[in-house]
Each structure stands twice: as structure tokens, then as C-alpha cells.
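Worksheet: the structure to be examined is printed underneath.
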Amino acid sequence: MMRLLLPLCLLCLLLCALPLHAETQPSPQLLETLEKNAGSVRTLSSDFVQEKHLSMFKNPMTSKGHLYFARPDQLRWELTAPVASGFVLKGDRGKRWHERTGRTESFQISQEPIMKLVSEQLFAWARSDFAWIKKEYRVTVLQESPALLRLEPRSAATAGFLHHLLIGFSADGRYVKNVELHEKDGDFTRIRFLNTVVNKTLPADIF
């Protein structure tokens, strides 16, 4: 379960701008600009298309969904096709659902080790905790405009299944347009974010 949840959740808040920390130290001006971009995102909504490329299948497995985020601690990640499922995080509480079971389950994050780990990861990205990001990942700048990054996990636990991430940003650097998660066995997941809207008021009941 953790293998499926953690990489997925790490993606959710990549839509908020990250700092660039290449193997060669970036300029202070670049870091300042990126920190400003990250701090300016109060809310975000986006559609996404997720493609899972598995060596055992000729064609990718495709799913679609929506992402909603509001600072400081609210997030909704939902798949709408082919099967509806998802989760919401709000403070220390959350809920999850799955079409196949027909159930919606509430939970307290602090009492569930896996979701606690997931939420810590998510909100470190959301709060622009640059010290945490640099501690967790080795980040290489593959392209500066538009930004394209390669992130390699430092943690042995994460590196056990995640080889690296590729993150491509929009032209203005405010949000991510596509992400690829490459696993150790060669399989990878590509997520394309579409119709992204930043800092628009979100319905309160979305969370």
C-alpha cells in the first residue's frame, strides 16, 4: 500500500513551485524567484491524465482525475475514470473512498502511520519547506526555461522503489505541467496536468 500511496502523494503538491537546487549551486536570485513563486500559490486546481507504463503490457493503463489544494493543510486528490476513488486531507483529519467498495471512510492522520507519513511529505511540499526538500532529494536542473528537474531520493526506503522523478514546469514557473515517476524495475508513471488554475477561490465543501 505504501508503495502505491507515497509516490502518488508526492506528486500532488509538486504543482506548487519547487526550489531549484542543482548539483552546481544555483544563483541566489534564482532561488529567491522560485521561493516567491512557491509562496504565492494559495489555492490550486487542475485536471490530470495519468499513464502507467508497465513492461508486461503493450499499452499504458490510463486514468483521469482532479486535484485541489488550499493552504495551509487542505488537499483533495481524486480519480474519476476508469474507477472513482480518492482521498481528502484537512488538518489532522482525512477521508478516503473507492467506487468498488461503495464506502467512504474517515480517519485521523496521527493515528495512521502510512497516512501520517504521506501527509508529512505532502505538506512539506505545500509549505515550501526547502530545507526538507533538499534533505530528501538530490535535484538536478536539466533545463532552466521552462524548468525541467530530475529528483533522486536520498532515503533508502524511497529509493527502494523510486529511481527518480522528472518534473516539467509551465513557462512562468508557477506550476508543474508534467511529472514522470521512474521505478527501479523500469516501469514508469507519467502525469500530465491540464486546465490548471492558481489562486481562484475553491468551494469550501471540496475538502
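Labels for the C-alpha cells follow display order: chains A, B, ..., residues from 1 in each chain, ligands from 1.
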
Glu105 in chain A surroundings by only C-alpha atoms, 8 Å radius, close-in-sequence under 3 positions cut, as a ChimeraX atom specification
/A:95-97

Could you write out the selected residues, including N, CA, C and O atoms, as a PDB file, in the first residue's frame?
ATOM      1  N   LYS A  95     -10.392  11.723   4.793  1.00  0.00           N
ATOM      2  CA  LYS A  95     -11.367  10.704   4.392  1.00  0.00           C
ATOM      3  C   LYS A  95     -10.937  10.145   3.044  1.00  0.00           C
ATOM      4  O   LYS A  95     -10.258  10.809   2.260  1.00  0.00           O
ATOM      5  N   ARG A  96     -11.327   8.905   2.788  1.00  0.00           N
ATOM      6  CA  ARG A  96     -10.989   8.239   1.540  1.00  0.00           C
ATOM      7  C   ARG A  96     -12.184   7.448   1.058  1.00  0.00           C
ATOM      8  O   ARG A  96     -13.042   7.059   1.854  1.00  0.00           O
ATOM      9  N   TRP A  97     -12.207   7.193  -0.221  1.00  0.00           N
ATOM     10  CA  TRP A  97     -13.347   6.473  -0.795  1.00  0.00           C
ATOM     11  C   TRP A  97     -12.891   5.673  -2.012  1.00  0.00           C
ATOM     12  O   TRP A  97     -11.846   5.931  -2.605  1.00  0.00           O
TER      13      TRP A  97
END

Who sits within 12 Å of Gly91 in chain A, only C-alpha atoms, same chain under 2 positions skipped, as a PyMOL selection string
chain A and resi 70-75+88-89+93-95+107-110+116+119-120+122-123+207

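Relative to CA of Leu54 in chain A, CA of Asp187 in chain A is found at 5.1 Å.
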
Would you write out, as a Markdown table, a table of all residues in range 64-109 of chain A that have an atom no more than 10 Å from an atom of range 196-203 of chain A, listing for each the closest atom pair and the distance in Å to one decimal, considering only C-alpha atoms and ordering rows by chain and rising residue number?
| residue | atom | partner | partner_atom | distance |
| --- | --- | --- | --- | --- |
| A:His66 | CA | A:Thr196 | CA | 9.9 |
| A:Leu67 | CA | A:Thr196 | CA | 9.2 |
| A:Tyr68 | CA | A:Leu202 | CA | 8.1 |
| A:Phe69 | CA | A:Leu202 | CA | 8.7 |
| A:Ala70 | CA | A:Leu202 | CA | 8.0 |

Print the selection's residues with C-alpha atoms to a file, as a PDB file, in the first residue's frame.
ATOM      1  CA  HIS A  66      -8.790  16.187 -10.447  1.00  0.00           C
ATOM      2  CA  LEU A  67      -6.514  17.824  -7.881  1.00  0.00           C
ATOM      3  CA  TYR A  68      -7.474  20.610  -5.453  1.00  0.00           C
ATOM      4  CA  PHE A  69      -5.189  22.273  -2.917  1.00  0.00           C
ATOM      5  CA  ALA A  70      -5.588  25.149  -0.435  1.00  0.00           C
TER       6      ALA A  70
END

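The smallest atom-to-atom distance between Trp132 in chain A and any of A:Ile206, A:Ala171, A:Arg154, A:Glu180, using only C-alpha atoms, is found for A:Arg154.
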
From range 37-99 of chain A, collect each residue whose DSSP state is helix (DSSP H, G or I) and return the set as a PyMOL selection string.
chain A and resi 37-40

What would the file look like if the residues just selected were written as a PDB file, in the first residue's frame with N, CA, C and O atoms?
ATOM      1  N   ASN A  37       7.650  32.336  -6.100  1.00  0.00           N
ATOM      2  CA  ASN A  37       6.623  31.617  -6.859  1.00  0.00           C
ATOM      3  C   ASN A  37       5.901  30.607  -5.981  1.00  0.00           C
ATOM      4  O   ASN A  37       4.675  30.508  -5.998  1.00  0.00           O
ATOM      5  N   ALA A  38       6.668  29.848  -5.203  1.00  0.00           N
ATOM      6  CA  ALA A  38       6.064  28.833  -4.344  1.00  0.00           C
ATOM      7  C   ALA A  38       5.166  29.463  -3.292  1.00  0.00           C
ATOM      8  O   ALA A  38       4.070  28.979  -3.012  1.00  0.00           O
ATOM      9  N   GLY A  39       5.632  30.568  -2.713  1.00  0.00           N
ATOM     10  CA  GLY A  39       4.864  31.204  -1.655  1.00  0.00           C
ATOM     11  C   GLY A  39       3.610  31.899  -2.140  1.00  0.00           C
ATOM     12  O   GLY A  39       2.704  32.179  -1.351  1.00  0.00           O
ATOM     13  N   SER A  40       3.534  32.187  -3.448  1.00  0.00           N
ATOM     14  CA  SER A  40       2.379  32.910  -3.973  1.00  0.00           C
ATOM     15  C   SER A  40       1.178  32.014  -4.247  1.00  0.00           C
ATOM     16  O   SER A  40       0.079  32.507  -4.479  1.00  0.00           O
TER      17      SER A  40
END
